[in-house]
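Next comes structure-v4.cif, a file with mmCIF, C-alpha atoms.
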data_structure
#
loop_
_atom_site.group_PDB
_atom_site.id
_atom_site.type_symbol
_atom_site.label_atom_id
_atom_site.label_comp_id
_atom_site.auth_asym_id
_atom_site.auth_seq_id
_atom_site.Cartn_x
_atom_site.Cartn_y
_atom_site.Cartn_z
ATOM 1 C CA MET A 1 14.490 60.417 50.845
ATOM 2 C CA LYS A 2 11.444 58.425 51.918
ATOM 3 C CA LYS A 3 10.580 57.825 48.274
ATOM 4 C CA ILE A 4 14.077 56.504 47.547
ATOM 5 C CA ALA A 5 13.945 54.158 50.569
ATOM 6 C CA ILE A 6 10.526 52.876 49.519
ATOM 7 C CA ILE A 7 11.689 52.316 45.923
ATOM 8 C CA LEU A 8 14.883 50.545 47.063
ATOM 9 C CA SER A 9 12.974 48.338 49.504
ATOM 10 C CA PHE A 10 10.443 47.524 46.794
ATOM 11 C CA ILE A 11 13.298 46.565 44.390
ATOM 12 C CA ALA A 12 15.033 44.507 47.113
ATOM 13 C CA PHE A 13 11.741 42.750 47.857
ATOM 14 C CA GLN A 14 11.273 41.934 44.151
ATOM 15 C CA ILE A 15 14.856 40.682 43.786
ATOM 16 C CA SER A 16 14.645 38.478 46.872
ATOM 17 C CA PHE A 17 11.594 36.635 45.496
ATOM 18 C CA ALA A 18 12.801 36.437 41.914
ATOM 19 C CA GLN A 19 13.237 32.985 40.430
ATOM 20 C CA LYS A 20 16.604 31.785 39.338
ATOM 21 C CA VAL A 21 16.818 31.002 35.640
ATOM 22 C CA LYS A 22 18.521 27.758 34.793
ATOM 23 C CA LYS A 23 20.359 27.347 31.575
ATOM 24 C CA ALA A 24 18.740 24.874 29.237
ATOM 25 C CA GLU A 25 20.807 21.762 28.743
ATOM 26 C CA VAL A 26 21.162 20.340 25.289
ATOM 27 C CA ILE A 27 20.869 16.570 25.406
ATOM 28 C CA LYS A 28 22.482 14.887 22.470
ATOM 29 C CA ASP A 29 20.325 12.164 20.960
ATOM 30 C CA ASN A 30 22.429 9.224 19.830
ATOM 31 C CA ARG A 31 19.635 7.547 17.899
ATOM 32 C CA THR A 32 19.951 7.675 14.188
ATOM 33 C CA THR A 33 17.036 9.053 12.267
ATOM 34 C CA GLU A 34 18.406 7.778 9.012
ATOM 35 C CA GLN A 35 16.939 4.455 8.116
ATOM 36 C CA LYS A 36 17.721 2.413 5.087
ATOM 37 C CA LEU A 37 14.618 1.914 3.019
ATOM 38 C CA GLU A 38 15.700 -1.129 1.043
ATOM 39 C CA LEU A 39 17.678 -4.252 1.827
ATOM 40 C CA ASP A 40 20.861 -4.757 -0.140
ATOM 41 C CA LYS A 41 21.250 -7.678 -2.555
ATOM 42 C CA LYS A 42 23.200 -9.850 -0.098
ATOM 43 C CA GLN A 43 20.569 -9.405 2.619
ATOM 44 C CA LYS A 44 17.744 -10.164 0.178
ATOM 45 C CA GLU A 45 19.419 -13.416 -0.866
ATOM 46 C CA LEU A 46 20.059 -14.477 2.756
ATOM 47 C CA PHE A 47 16.567 -13.677 4.033
ATOM 48 C CA ASN A 48 14.797 -15.023 0.957
ATOM 49 C CA GLY A 49 16.732 -18.306 1.229
ATOM 50 C CA LYS A 50 15.808 -18.646 4.910
ATOM 51 C CA PHE A 51 12.155 -17.892 4.135
ATOM 52 C CA GLU A 52 12.031 -20.488 1.355
ATOM 53 C CA GLN A 53 13.596 -23.108 3.659
ATOM 54 C CA PHE A 54 11.017 -22.292 6.317
ATOM 55 C CA ILE A 55 8.131 -22.575 3.825
ATOM 56 C CA LYS A 56 9.432 -25.978 2.646
ATOM 57 C CA ALA A 57 9.650 -27.160 6.258
ATOM 58 C CA LEU A 58 6.162 -25.783 6.960
ATOM 59 C CA LYS A 59 4.764 -27.612 3.924
ATOM 60 C CA ALA A 60 6.388 -30.864 5.096
ATOM 61 C CA SER A 61 5.357 -30.201 8.742
ATOM 62 C CA ASP A 62 9.024 -30.506 9.805
ATOM 63 C CA LYS A 63 8.768 -28.924 13.238
ATOM 64 C CA ALA A 64 12.450 -29.405 14.148
ATOM 65 C CA THR A 65 13.644 -27.504 11.071
ATOM 66 C CA MET A 66 11.097 -24.739 11.610
ATOM 67 C CA GLU A 67 12.108 -24.277 15.236
ATOM 68 C CA SER A 68 15.794 -24.108 14.307
ATOM 69 C CA MET A 69 15.023 -21.206 11.938
ATOM 70 C CA ILE A 70 12.940 -19.160 14.375
ATOM 71 C CA SER A 71 14.433 -16.408 16.512
ATOM 72 C CA ASP A 72 14.975 -17.089 20.215
ATOM 73 C CA LYS A 73 12.843 -14.014 20.976
ATOM 74 C CA THR A 74 9.753 -15.590 19.422
ATOM 75 C CA LYS A 75 10.299 -19.321 20.068
ATOM 76 C CA SER A 76 8.386 -19.247 23.336
ATOM 77 C CA LYS A 77 5.325 -17.701 21.666
ATOM 78 C CA VAL A 78 5.093 -20.149 18.746
ATOM 79 C CA THR A 79 2.925 -23.202 19.374
ATOM 80 C CA ASP A 80 1.637 -26.040 17.220
ATOM 81 C CA LYS A 81 -1.578 -24.070 16.655
ATOM 82 C CA VAL A 82 0.445 -21.196 15.201
ATOM 83 C CA TYR A 83 2.121 -23.570 12.733
ATOM 84 C CA GLU A 84 -1.265 -25.049 11.789
ATOM 85 C CA LYS A 85 -2.847 -21.631 11.256
ATOM 86 C CA LEU A 86 0.147 -20.477 9.214
ATOM 87 C CA SER A 87 0.033 -23.562 6.995
ATOM 88 C CA LYS A 88 -3.710 -22.984 6.397
ATOM 89 C CA ASP A 89 -3.200 -19.306 5.522
ATOM 90 C CA ILE A 90 -0.390 -19.909 3.001
ATOM 91 C CA ASP A 91 -1.296 -21.505 -0.327
ATOM 92 C CA PHE A 92 1.608 -23.851 -1.118
ATOM 93 C CA SER A 93 0.348 -24.582 -4.634
ATOM 94 C CA ARG A 94 0.970 -20.967 -5.703
ATOM 95 C CA LYS A 95 4.438 -19.523 -6.317
ATOM 96 C CA LEU A 96 5.611 -16.703 -4.049
ATOM 97 C CA MET A 97 7.721 -13.785 -5.223
ATOM 98 C CA MET A 98 9.255 -10.788 -3.458
ATOM 99 C CA TYR A 99 7.011 -7.758 -3.462
ATOM 100 C CA LYS A 100 8.730 -5.215 -1.183
ATOM 101 C CA THR A 101 11.734 -5.124 1.114
ATOM 102 C CA GLY A 102 12.643 -2.761 3.896
ATOM 103 C CA TYR A 103 12.679 -2.431 7.651
ATOM 104 C CA GLN A 104 9.897 -2.974 10.164
ATOM 105 C CA SER A 105 9.829 -0.737 13.246
ATOM 106 C CA PHE A 106 8.722 -2.139 16.570
ATOM 107 C CA MET A 107 7.380 -0.317 19.627
ATOM 108 C CA THR A 108 10.739 -0.827 21.328
ATOM 109 C CA GLY A 109 12.328 1.440 18.717
ATOM 110 C CA GLU A 110 14.199 -1.408 17.077
ATOM 111 C CA ASN A 111 14.146 -1.876 13.314
ATOM 112 C CA PHE A 112 14.300 -5.321 11.767
ATOM 113 C CA PRO A 113 14.687 -6.383 8.111
ATOM 114 C CA MET A 114 11.422 -7.303 6.435
ATOM 115 C CA ILE A 115 10.410 -8.830 3.116
ATOM 116 C CA GLN A 116 6.866 -8.864 1.786
ATOM 117 C CA TYR A 117 5.884 -11.592 -0.619
ATOM 118 C CA LYS A 118 2.987 -11.823 -3.027
ATOM 119 C CA TYR A 119 1.701 -14.667 -5.150
ATOM 120 C CA ALA A 120 3.153 -14.553 -8.666
ATOM 121 C CA ASP A 121 -0.266 -14.975 -10.293
ATOM 122 C CA ASP A 122 -1.790 -12.045 -8.342
ATOM 123 C CA GLN A 123 -1.909 -9.165 -10.843
ATOM 124 C CA THR A 124 -4.222 -6.797 -8.950
ATOM 125 C CA LYS A 125 -3.276 -3.115 -8.965
ATOM 126 C CA PRO A 126 -2.106 -1.083 -7.068
ATOM 127 C CA ASP A 127 -1.516 -3.639 -4.301
ATOM 128 C CA PRO A 128 -1.909 -7.423 -4.330
ATOM 129 C CA LYS A 129 -4.847 -8.986 -2.493
ATOM 130 C CA GLU A 130 -2.673 -11.347 -0.461
ATOM 131 C CA ILE A 131 0.665 -10.420 1.116
ATOM 132 C CA ILE A 132 2.909 -12.471 3.375
ATOM 133 C CA THR A 133 5.223 -10.378 5.549
ATOM 134 C CA ALA A 134 8.342 -12.000 6.989
ATOM 135 C CA VAL A 135 10.420 -10.174 9.627
ATOM 136 C CA PHE A 136 13.993 -11.282 10.287
ATOM 137 C CA GLU A 137 16.870 -10.692 12.663
ATOM 138 C CA GLU A 138 20.137 -9.516 11.090
ATOM 139 C CA ASN A 139 21.548 -13.052 11.360
ATOM 140 C CA GLY A 140 18.719 -14.474 9.235
ATOM 141 C CA LYS A 141 16.574 -15.961 11.995
ATOM 142 C CA ILE A 142 12.850 -15.483 11.414
ATOM 143 C CA MET A 143 11.076 -13.309 13.982
ATOM 144 C CA GLY A 144 7.638 -13.611 12.475
ATOM 145 C CA ILE A 145 5.562 -14.404 9.413
ATOM 146 C CA LYS A 146 2.185 -12.798 8.924
ATOM 147 C CA PRO A 147 -0.130 -13.588 6.008
ATOM 148 C CA TYR A 148 -2.560 -10.799 5.121
ATOM 149 C CA LYS A 149 -5.620 -11.148 2.908
ATOM 150 C CA GLN A 150 -7.376 -8.050 1.688
ATOM 151 C CA THR A 151 -11.147 -8.355 1.945
ATOM 152 C CA LYS A 152 -13.728 -5.969 0.549
#
Output the file's structure in the form of structure tokens.
Amino acid sequence: MKKIAIILSFIAFQISFAQKVKKAEVIKDNRTTEQKLELDKKQKELFNGKFEQFIKALKASDKATMESMISDKTKSKVTDKVYEKLSKDIDFSRKLMMYKTGYQSFMTGENFPMIQYKYADDQTKPDPKEIITAVFEENGKIMGIKPYKQTK
């Protein structure tokens, strides 16, 4: 009888200090993992037209036109020095052509349409030496333009 009482008290002691197991909740993630890789033809035409207008305004140093084409998110960060640097980094005498299109991901998790341009006379393989990346909002406003020159 003593053994049974000891065993029962031992079991009761174990049960009283046992942890409660919570059921795991499944949290549904509403983010989409599918991402379009390419821009459709209509988007390419819209964004390419806006980029060409911006380049013409940059070449002519038409600040009012350039500012009207820039996104409100980036207007506060763009100064005259940025326009000067951009005009120095882009060779206006060479013809630009579309190289790649797609979407650019930002740290905020947002994806924005992007077109990369290369100079038409640049025939280097596998990638061109100079690329100009333009990132847009869906409405066609330019969020940023970044020239890149490969150096070796």
Given the file above and the PyMOL selection byres ((chain A and resi 95-107) around 8), which residues are selected, and can you give them as a tab-separated table (two decimals) with C-alpha atoms, in the coordinates of the input?
chain	number	residue	atom	x	y	z
A	36	LYS	CA	17.72	2.41	5.09
A	37	LEU	CA	14.62	1.91	3.02
A	38	GLU	CA	15.70	-1.13	1.04
A	39	LEU	CA	17.68	-4.25	1.83
A	44	LYS	CA	17.74	-10.16	0.18
A	92	PHE	CA	1.61	-23.85	-1.12
A	93	SER	CA	0.35	-24.58	-4.63
A	94	ARG	CA	0.97	-20.97	-5.70
A	108	THR	CA	10.74	-0.83	21.33
A	109	GLY	CA	12.33	1.44	18.72
A	110	GLU	CA	14.20	-1.41	17.08
A	111	ASN	CA	14.15	-1.88	13.31
A	112	PHE	CA	14.30	-5.32	11.77
A	113	PRO	CA	14.69	-6.38	8.11
A	114	MET	CA	11.42	-7.30	6.44
A	115	ILE	CA	10.41	-8.83	3.12
A	116	GLN	CA	6.87	-8.86	1.79
A	117	TYR	CA	5.88	-11.59	-0.62
A	118	LYS	CA	2.99	-11.82	-3.03
A	119	TYR	CA	1.70	-14.67	-5.15
A	120	ALA	CA	3.15	-14.55	-8.67
A	121	ASP	CA	-0.27	-14.98	-10.29
A	135	VAL	CA	10.42	-10.17	9.63
Exercise: Thr65 (chain A) partners within 12 Å, all atoms listed in the file, chain neighbours under 2 positions left out, as a PyMOL selection string:
chain A and resi 50-51+53-63+67-70+141
Worksheet item: Asn139 (chain A): which residues within 10 Å, counting only C-alpha atoms, same-chain residues fewer than 4 positions away excluded, as a VMD selection string?
Response: chain A and resid 43 46 to 47 71
Target residues per the PyMOL selection byres ((chain A and resi 145-151) around 8), formatted as a PyMOL selection string | chain A and resi 86+89-90+129-135+142-144+152
As a check of understanding: the span from CA of Tyr83 (chain A) to CA of Pro128 (chain A) is 23.8 Å
Using only the atoms of region 47-65 of chain A listed in the file, plus 6 Å on each side, state the axis-aligned box centre and edge lengths in Å rounded to one decimal, as AutoDock Vina command-line options.
--center_x 10.7 --center_y -22.3 --center_z 7.6 --size_x 24.0 --size_y 29.2 --size_z 25.2
In terms of all atoms listed in the file, the residue from A:Lys42, A:Phe136, A:Glu84, A:Asp122 at minimal distance from Asp72 (chain A) is A:Phe136
Exercise. Report the distance between CA of Lys88 (chain A) and CA of Glu52 (chain A) in Å, rounded to one decimal place.
Key: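 For CA of Lys88 (chain A) relative to CA of Glu52 (chain A), the distance reads 16.7 Å.
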Taken to one decimal, the CA of Ala64 (chain A)-CA of Ser87 (chain A) distance is 15.5 Å
